[in-house]
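Asks: Sharing a structure here in structure tokens format.
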Amino acid sequence: MRNLFYILLLIFGNSLSAQEKKEQKPQVVEVSCGQCQFGMTEKNGCDLAVRIDGKSYFVEGTKIDDHGDAHAHDGFCSTIRKAEVIGEFKGNRFVVSSFKLLSNEKN
């Protein structure tokens with residue numbers, strides 16, 4: 001009987017985790033080069049970052065060059081843009097499962 005209880009607890013716990021992931025909603029964030037625009041110094045080179053609630057996080061799940069030339073006049077190293085993202089924090093990184101740029105205008 002005790003084993004049945006633990007099995008049910010494990011199944012129920014996993015179903016809650018799946019529901020939490022399904023309930024993630026898109027949010028609009030600032031996105032740019034972490035080093036060039038957000039002043040991040042943890043890494044060398046140019047890397048995609050988001051700024052959420054005034055704090056910057058490097059992004060995993062998409063890369064800076066996946067969205068055009070980062071060094072173009074409207075690229076991430078030259079301007080801060082907006083994106084609609086779905087993701088989660090893992091440590092000091094933001095792991096995206098969805099990333100959609102909203103405009104090419106400088107914000």
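Residues in the structure tokens are numbered from 1 in each chain, the chains being A, B, ... in the order shown, and ligands are numbered from 1 in the order shown.
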Need the shell around Val85 in chain A: protein/DNA/RNA residues with any atom at most 7 Å away, counting only C-alpha atoms. Skip same-chain ones fewer than 5 positions apart. Format as a count of residues only?
Replies: 7
Asks: How far is it from CA of Ala83 in chain A to CA of Cys36 in chain A, in Å with one decimal?
Replies: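 We find that CA of Ala83 in chain A and CA of Cys36 in chain A lie 17.7 Å from each other.
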Asks: Tell me, as an MDAnalysis selection string, which residues lie within 10 Å of Gln37 in chain A, counting only C-alpha atoms; anything in the same chain fewer than 6 positions away does not count.
Replies: chainID A and resid 31 46 49 76:80
Asks: With only C-alpha atoms as the atoms that count, which of A:Lys43, A:Lys82, A:Lys90, A:His73 lies nearest to Glu60 in chain A?
Replies: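 Closest to Glu60 in chain A of all the choices is A:Lys90.
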Asks: In Å, how far is it from CA of Glu84 in chain A to CA of Glu30 in chain A?
Replies: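 Between CA of Glu84 in chain A and CA of Glu30 in chain A the gap is 9.0 Å.
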Asks: Would you list the contacts of Arg51 in chain A as a list in words, taking every protein, DNA or RNA residue within 9 Å and counting only C-alpha atoms, but skipping same-chain residues closer than 6 positions in sequence?
Replies: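 Near Arg51 in chain A, the qualifying residues are Val29, Glu30, Val31, Ser32, Gly34, Phe38, Tyr57 and Phe58 of chain A.
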Asks: Atoms to include: N, CA, C and O atoms. Write the selected residues as a short mmCIF file (atom, residue, chain, number, x, y, z; two decimals), in the first residue's frame.
Replies:
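Printed below is out_14.cif as written:
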```
data_model
loop_
_atom_site.label_atom_id
_atom_site.label_comp_id
_atom_site.auth_asym_id
_atom_site.auth_seq_id
_atom_site.Cartn_x
_atom_site.Cartn_y
_atom_site.Cartn_z
N VAL A 29 9.77 41.67 -23.75
CA VAL A 29 10.99 42.05 -23.06
C VAL A 29 11.89 42.85 -23.99
O VAL A 29 11.72 42.83 -25.20
N GLU A 30 12.85 43.54 -23.40
CA GLU A 30 13.89 44.17 -24.19
C GLU A 30 14.93 43.10 -24.53
O GLU A 30 15.23 42.24 -23.70
N VAL A 31 15.45 43.17 -25.74
CA VAL A 31 16.43 42.18 -26.18
C VAL A 31 17.52 42.89 -26.96
O VAL A 31 17.26 43.82 -27.72
N SER A 32 18.77 42.48 -26.73
CA SER A 32 19.89 43.12 -27.41
C SER A 32 21.15 42.30 -27.14
O SER A 32 21.10 41.23 -26.54
N GLY A 34 24.11 41.54 -25.00
CA GLY A 34 24.36 41.73 -23.57
C GLY A 34 25.58 42.60 -23.30
O GLY A 34 25.57 43.44 -22.40
N PHE A 38 23.75 46.14 -22.97
CA PHE A 38 23.33 45.98 -21.57
C PHE A 38 24.50 46.04 -20.59
O PHE A 38 24.31 45.94 -19.38
N TYR A 57 19.84 39.16 -18.57
CA TYR A 57 20.16 37.73 -18.53
C TYR A 57 20.60 37.28 -19.92
O TYR A 57 19.95 37.63 -20.91
N PHE A 58 21.67 36.51 -20.00
CA PHE A 58 22.03 35.90 -21.27
C PHE A 58 20.98 34.87 -21.62
O PHE A 58 20.36 34.26 -20.75
#
```
Asks: When you look at Gly75 in chain A with a cut-off of 10 Å (counting only C-alpha atoms), what residues show up, excluding the ones that are within fewer than 3 positions of it in the same chain? I need them as a list of chain:residue names.
Replies: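 My reading of the contact set: A:Ser32, A:Cys33, A:Ile64, A:Asp65, A:His67, A:Gly68, A:Asp69, A:Ala70, A:His71, A:Ala72, A:Ser78, A:Thr79, A:Ile80, A:Arg81, A:Asn104, A:Lys106.
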Asks: Go through A:Glu42, A:Gly87, A:Gln35, A:Phe94 and flag the residue nearest Val59 in chain A, using only C-alpha atoms for the distances.
Replies: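 Of A:Glu42, A:Gly87, A:Gln35, A:Phe94, the one nearest Val59 in chain A, counting only C-alpha atoms, is A:Phe94.
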Asks: Write down as an MDAnalysis selection string the residues belonging to range 15-100 of chain A that are assigned strand (DSSP E) by DSSP computed on the backbone.
Replies: chainID A and resid 27:33 48:52 55:60 81:90 93:100
